[in-house]
Amino acid sequence: MNKIFIAIAIAICAIALFIGYKTNESEKTAAAKPEKEQQEEIQSIEAPEPTEEPEESTIPKGGPSQDENFSPEELEASKKVAIEFIKQFHNFDASQPFQNLENSKKFMDEGFYSKYQKNVSRGTLDAVKKKWLEVGVTQTSNTSTEKLIWNVVVQTENMDNDGNKNYGEDWYLVELKKENDQYRVTGVTMDAAH
């Protein structure tokens, strides 16, 4: 007899939950319709009338370019430093966690080297060893007249803790500044939004 009451109680609870869920869904749908209609009305009111002459944008597509503030020679020199820095910095072996930092030290300014030395990477289980296969560079938006920023894209071979290889792509934002007629890396961000 107790089993019958328990089964009936469970059935009643299940039906109540189902009815409550359906009621909640229908209320959400009903509430969403007027809001959507209101948004369409607002958009139609706010939409500007098309003009015969398109407005000229002061910012070129893709954002401000650093080509405007630096000469082609400066751009090329800083790009070479960014590439060579990443080639040394990217290669990593967890058994020697400071090695990539020491190999790339000659491209860094002292402040960045000291700061990074305190936060050295230890690797991950998926990448105890990393090796670059290809390195490419893309432009970034940059309005600074002192610092250059390059987006360095690395095709990488990673080895996990078990010795299995996997391949991927890492993105580095490399910030450089001219010091004593040479470009030095003053900052790097890995896998930034690109």
# chains A, B, ... in the order shown; residues from 1 in each chain; ligands from 1
>>> residues_around(residues="region 87-103 of chain A", least_positions_apart="5", cutoff="12 Å", atoms="only C-alpha atoms", output="number ranges by chain")
A: 80-82, 108, 112-136, 152-161, 169-172, 174, 185, 188-190
>>> residues_around(residues="Ala77 (chain A)", least_positions_apart="5", cutoff="9 Å", atoms="only C-alpha atoms", output="ChimeraX atom specification")
/A:72,82,182-183
>>> residues_around(residues="Gln139 (chain A)", least_positions_apart="6", cutoff="10 Å", atoms="only C-alpha atoms", output="list in words")
Gly62, Ser65, Gln66, Asp67, Lys79, Leu148, Ile149, Trp150, Asn151 and Val152 of chain A
>>> write_last_selection(atoms="all heavy atoms", output="mmCIF file, in the first residue's frame")
data_model
loop_
_atom_site.group_PDB
_atom_site.id
_atom_site.type_symbol
_atom_site.label_atom_id
_atom_site.label_comp_id
_atom_site.auth_asym_id
_atom_site.auth_seq_id
_atom_site.Cartn_x
_atom_site.Cartn_y
_atom_site.Cartn_z
ATOM 1 N N GLY A 62 39.911 48.572 -39.597
ATOM 2 C CA GLY A 62 40.935 47.821 -38.873
ATOM 3 C C GLY A 62 41.587 48.645 -37.783
ATOM 4 O O GLY A 62 42.431 48.168 -37.066
ATOM 5 N N SER A 65 46.728 52.564 -37.791
ATOM 6 C CA SER A 65 47.883 51.763 -38.176
ATOM 7 C C SER A 65 49.163 52.419 -37.672
ATOM 8 O O SER A 65 49.290 53.646 -37.697
ATOM 9 C CB SER A 65 47.929 51.636 -39.700
ATOM 10 O OG SER A 65 49.133 51.063 -40.106
ATOM 11 N N GLN A 66 50.110 51.604 -37.270
ATOM 12 C CA GLN A 66 51.378 52.157 -36.809
ATOM 13 C C GLN A 66 52.241 52.613 -37.983
ATOM 14 O O GLN A 66 53.270 53.255 -37.784
ATOM 15 C CB GLN A 66 52.112 51.184 -35.901
ATOM 16 C CG GLN A 66 52.368 49.824 -36.450
ATOM 17 C CD GLN A 66 52.795 48.856 -35.351
ATOM 18 O OE1 GLN A 66 52.646 49.108 -34.154
ATOM 19 N NE2 GLN A 66 53.329 47.736 -35.740
ATOM 20 N N ASP A 67 51.807 52.330 -39.215
ATOM 21 C CA ASP A 67 52.505 52.828 -40.403
ATOM 22 C C ASP A 67 52.530 54.353 -40.423
ATOM 23 O O ASP A 67 53.415 54.958 -41.025
ATOM 24 C CB ASP A 67 51.814 52.344 -41.683
ATOM 25 C CG ASP A 67 51.911 50.840 -41.860
ATOM 26 O OD1 ASP A 67 52.647 50.191 -41.092
ATOM 27 O OD2 ASP A 67 51.255 50.311 -42.769
ATOM 28 N N LYS A 79 60.027 44.569 -36.558
ATOM 29 C CA LYS A 79 59.403 43.287 -36.911
ATOM 30 C C LYS A 79 60.436 42.157 -36.825
ATOM 31 O O LYS A 79 60.139 41.087 -36.295
ATOM 32 C CB LYS A 79 58.832 43.353 -38.326
ATOM 33 C CG LYS A 79 58.047 42.111 -38.715
ATOM 34 C CD LYS A 79 57.700 42.044 -40.193
ATOM 35 C CE LYS A 79 56.911 43.206 -40.703
ATOM 36 N NZ LYS A 79 56.482 43.038 -42.105
ATOM 37 N N LEU A 148 56.053 50.073 -30.634
ATOM 38 C CA LEU A 148 55.519 49.302 -31.744
ATOM 39 C C LEU A 148 54.940 48.009 -31.197
ATOM 40 O O LEU A 148 55.451 47.468 -30.212
ATOM 41 C CB LEU A 148 56.626 48.981 -32.748
ATOM 42 C CG LEU A 148 57.042 50.165 -33.610
ATOM 43 C CD1 LEU A 148 58.528 50.235 -33.745
ATOM 44 C CD2 LEU A 148 56.375 50.044 -34.953
ATOM 45 N N ILE A 149 53.889 47.514 -31.827
ATOM 46 C CA ILE A 149 53.273 46.260 -31.397
ATOM 47 C C ILE A 149 53.107 45.369 -32.619
ATOM 48 O O ILE A 149 52.542 45.798 -33.630
ATOM 49 C CB ILE A 149 51.908 46.502 -30.728
ATOM 50 C CG1 ILE A 149 52.068 47.405 -29.504
ATOM 51 C CG2 ILE A 149 51.267 45.180 -30.336
ATOM 52 C CD1 ILE A 149 50.766 47.852 -28.894
ATOM 53 N N TRP A 150 53.588 44.145 -32.518
ATOM 54 C CA TRP A 150 53.442 43.160 -33.587
ATOM 55 C C TRP A 150 52.707 41.951 -33.045
ATOM 56 O O TRP A 150 52.934 41.528 -31.917
ATOM 57 C CB TRP A 150 54.797 42.737 -34.141
ATOM 58 C CG TRP A 150 55.482 43.833 -34.873
ATOM 59 C CD1 TRP A 150 56.516 44.601 -34.434
ATOM 60 C CD2 TRP A 150 55.167 44.312 -36.185
ATOM 61 N NE1 TRP A 150 56.862 45.514 -35.375
ATOM 62 C CE2 TRP A 150 56.055 45.363 -36.475
ATOM 63 C CE3 TRP A 150 54.226 43.961 -37.146
ATOM 64 C CZ2 TRP A 150 56.027 46.060 -37.683
ATOM 65 C CZ3 TRP A 150 54.210 44.651 -38.344
ATOM 66 C CH2 TRP A 150 55.092 45.684 -38.609
ATOM 67 N N ASN A 151 51.843 41.403 -33.872
ATOM 68 C CA ASN A 151 51.133 40.170 -33.545
ATOM 69 C C ASN A 151 51.905 39.037 -34.211
ATOM 70 O O ASN A 151 51.889 38.907 -35.433
ATOM 71 C CB ASN A 151 49.698 40.245 -34.069
ATOM 72 C CG ASN A 151 48.876 39.080 -33.616
ATOM 73 O OD1 ASN A 151 49.134 38.496 -32.575
ATOM 74 N ND2 ASN A 151 47.872 38.729 -34.394
ATOM 75 N N VAL A 152 52.604 38.247 -33.434
ATOM 76 C CA VAL A 152 53.440 37.172 -33.965
ATOM 77 C C VAL A 152 52.687 35.851 -33.793
ATOM 78 O O VAL A 152 52.311 35.480 -32.690
ATOM 79 C CB VAL A 152 54.814 37.119 -33.253
ATOM 80 C CG1 VAL A 152 55.695 36.053 -33.866
ATOM 81 C CG2 VAL A 152 55.495 38.478 -33.311
#
>>> residues_around(residues="Glu146 (chain A)", least_positions_apart="3", cutoff="12 Å", atoms="only C-alpha atoms", output="ChimeraX atom specification")
/A:66,69-70,74,78,142-143,149,175-179,183-184,186
>>> write_last_selection(atoms="N, CA and C atoms", output="compact mmCIF listing (two decimals), in the first residue's frame")
# COMPACT_ATOMS: atom_id res chain seq x y z
N GLN A 66 50.11 51.60 -37.27
CA GLN A 66 51.38 52.16 -36.81
C GLN A 66 52.24 52.61 -37.98
N ASN A 69 52.95 56.37 -37.85
CA ASN A 69 53.85 56.97 -36.87
C ASN A 69 55.29 56.50 -36.97
N PHE A 70 55.56 55.49 -37.81
CA PHE A 70 56.91 54.95 -37.92
C PHE A 70 57.29 54.79 -39.38
N GLU A 74 61.91 51.56 -39.63
CA GLU A 74 61.63 51.27 -38.22
C GLU A 74 60.69 50.08 -38.09
N SER A 78 61.89 46.60 -36.28
CA SER A 78 61.17 46.12 -35.08
C SER A 78 60.51 44.77 -35.34
N ASN A 142 47.55 50.47 -33.54
CA ASN A 142 48.47 51.06 -32.58
C ASN A 142 48.58 52.56 -32.85
N THR A 143 48.26 53.37 -31.86
CA THR A 143 48.36 54.83 -32.03
C THR A 143 49.59 55.41 -31.34
N ILE A 149 53.89 47.51 -31.83
CA ILE A 149 53.27 46.26 -31.40
C ILE A 149 53.11 45.37 -32.62
N GLU A 175 55.41 43.87 -27.71
CA GLU A 175 55.55 45.33 -27.64
C GLU A 175 57.04 45.66 -27.61
N LEU A 176 57.44 46.61 -28.47
CA LEU A 176 58.85 46.98 -28.58
C LEU A 176 59.03 48.48 -28.47
N LYS A 177 60.20 48.87 -27.97
CA LYS A 177 60.55 50.28 -27.85
C LYS A 177 62.02 50.43 -28.22
N LYS A 178 62.34 51.54 -28.86
CA LYS A 178 63.72 51.78 -29.27
C LYS A 178 64.53 52.28 -28.08
N GLU A 179 65.65 51.60 -27.82
CA GLU A 179 66.56 51.98 -26.74
C GLU A 179 67.98 51.90 -27.30
N TYR A 183 65.83 48.06 -31.08
CA TYR A 183 64.50 47.77 -30.55
C TYR A 183 64.60 46.68 -29.50
N ARG A 184 63.93 46.93 -28.37
CA ARG A 184 63.91 45.99 -27.26
C ARG A 184 62.46 45.64 -26.95
N THR A 186 59.50 45.15 -24.63
CA THR A 186 59.11 45.71 -23.34
C THR A 186 57.88 45.00 -22.76
>>> atom_distance(atom1="CA of Lys106 (chain A)", atom2="CA of Phe85 (chain A)")
8.4 Å
>>> select_by_dssp(residues="region 95-138 of chain A", states="strand (DSSP E or B)", output="ChimeraX atom specification")
/A:108,124,127,129-138
>>> write_last_selection(atoms="N, CA, C and O atoms", output="mmCIF file, in the first residue's frame")
data_model
loop_
_atom_site.group_PDB
_atom_site.id
_atom_site.type_symbol
_atom_site.label_atom_id
_atom_site.label_comp_id
_atom_site.auth_asym_id
_atom_site.auth_seq_id
_atom_site.Cartn_x
_atom_site.Cartn_y
_atom_site.Cartn_z
ATOM 1 N N MET A 108 65.279 41.667 -24.885
ATOM 2 C CA MET A 108 64.406 42.307 -23.896
ATOM 3 C C MET A 108 65.066 43.520 -23.266
ATOM 4 O O MET A 108 66.285 43.553 -23.114
ATOM 5 N N THR A 124 52.746 23.159 -19.054
ATOM 6 C CA THR A 124 51.493 22.516 -18.686
ATOM 7 C C THR A 124 51.629 21.030 -18.979
ATOM 8 O O THR A 124 52.589 20.599 -19.621
ATOM 9 N N ALA A 127 51.850 20.598 -22.642
ATOM 10 C CA ALA A 127 53.002 21.168 -23.339
ATOM 11 C C ALA A 127 54.195 21.301 -22.397
ATOM 12 O O ALA A 127 54.487 22.369 -21.898
ATOM 13 N N LYS A 129 57.126 20.473 -23.547
ATOM 14 C CA LYS A 129 58.115 20.945 -24.516
ATOM 15 C C LYS A 129 57.370 21.603 -25.660
ATOM 16 O O LYS A 129 56.366 21.091 -26.147
ATOM 17 N N LYS A 130 57.889 22.758 -26.095
ATOM 18 C CA LYS A 130 57.293 23.486 -27.214
ATOM 19 C C LYS A 130 58.396 23.841 -28.198
ATOM 20 O O LYS A 130 59.494 24.229 -27.785
ATOM 21 N N LYS A 131 58.076 23.722 -29.483
ATOM 22 C CA LYS A 131 59.050 24.049 -30.517
ATOM 23 C C LYS A 131 58.322 24.748 -31.660
ATOM 24 O O LYS A 131 57.301 24.260 -32.133
ATOM 25 N N TRP A 132 58.840 25.896 -32.088
ATOM 26 C CA TRP A 132 58.191 26.608 -33.190
ATOM 27 C C TRP A 132 58.512 25.899 -34.502
ATOM 28 O O TRP A 132 59.593 25.378 -34.699
ATOM 29 N N LEU A 133 57.511 25.876 -35.387
ATOM 30 C CA LEU A 133 57.677 25.304 -36.717
ATOM 31 C C LEU A 133 57.678 26.401 -37.779
ATOM 32 O O LEU A 133 58.483 26.369 -38.702
ATOM 33 N N GLU A 134 56.749 27.359 -37.640
ATOM 34 C CA GLU A 134 56.663 28.506 -38.536
ATOM 35 C C GLU A 134 56.312 29.732 -37.717
ATOM 36 O O GLU A 134 55.583 29.641 -36.734
ATOM 37 N N VAL A 135 56.828 30.884 -38.138
ATOM 38 C CA VAL A 135 56.543 32.131 -37.448
ATOM 39 C C VAL A 135 56.111 33.164 -38.483
ATOM 40 O O VAL A 135 56.776 33.333 -39.503
ATOM 41 N N GLY A 136 54.984 33.814 -38.232
ATOM 42 C CA GLY A 136 54.492 34.874 -39.108
ATOM 43 C C GLY A 136 54.123 36.098 -38.286
ATOM 44 O O GLY A 136 54.010 36.027 -37.064
ATOM 45 N N VAL A 137 53.946 37.223 -38.967
ATOM 46 C CA VAL A 137 53.644 38.472 -38.276
ATOM 47 C C VAL A 137 52.461 39.153 -38.953
ATOM 48 O O VAL A 137 52.370 39.155 -40.182
ATOM 49 N N THR A 138 51.566 39.710 -38.142
ATOM 50 C CA THR A 138 50.474 40.523 -38.683
ATOM 51 C C THR A 138 50.485 41.878 -37.988
ATOM 52 O O THR A 138 50.998 42.014 -36.878
#
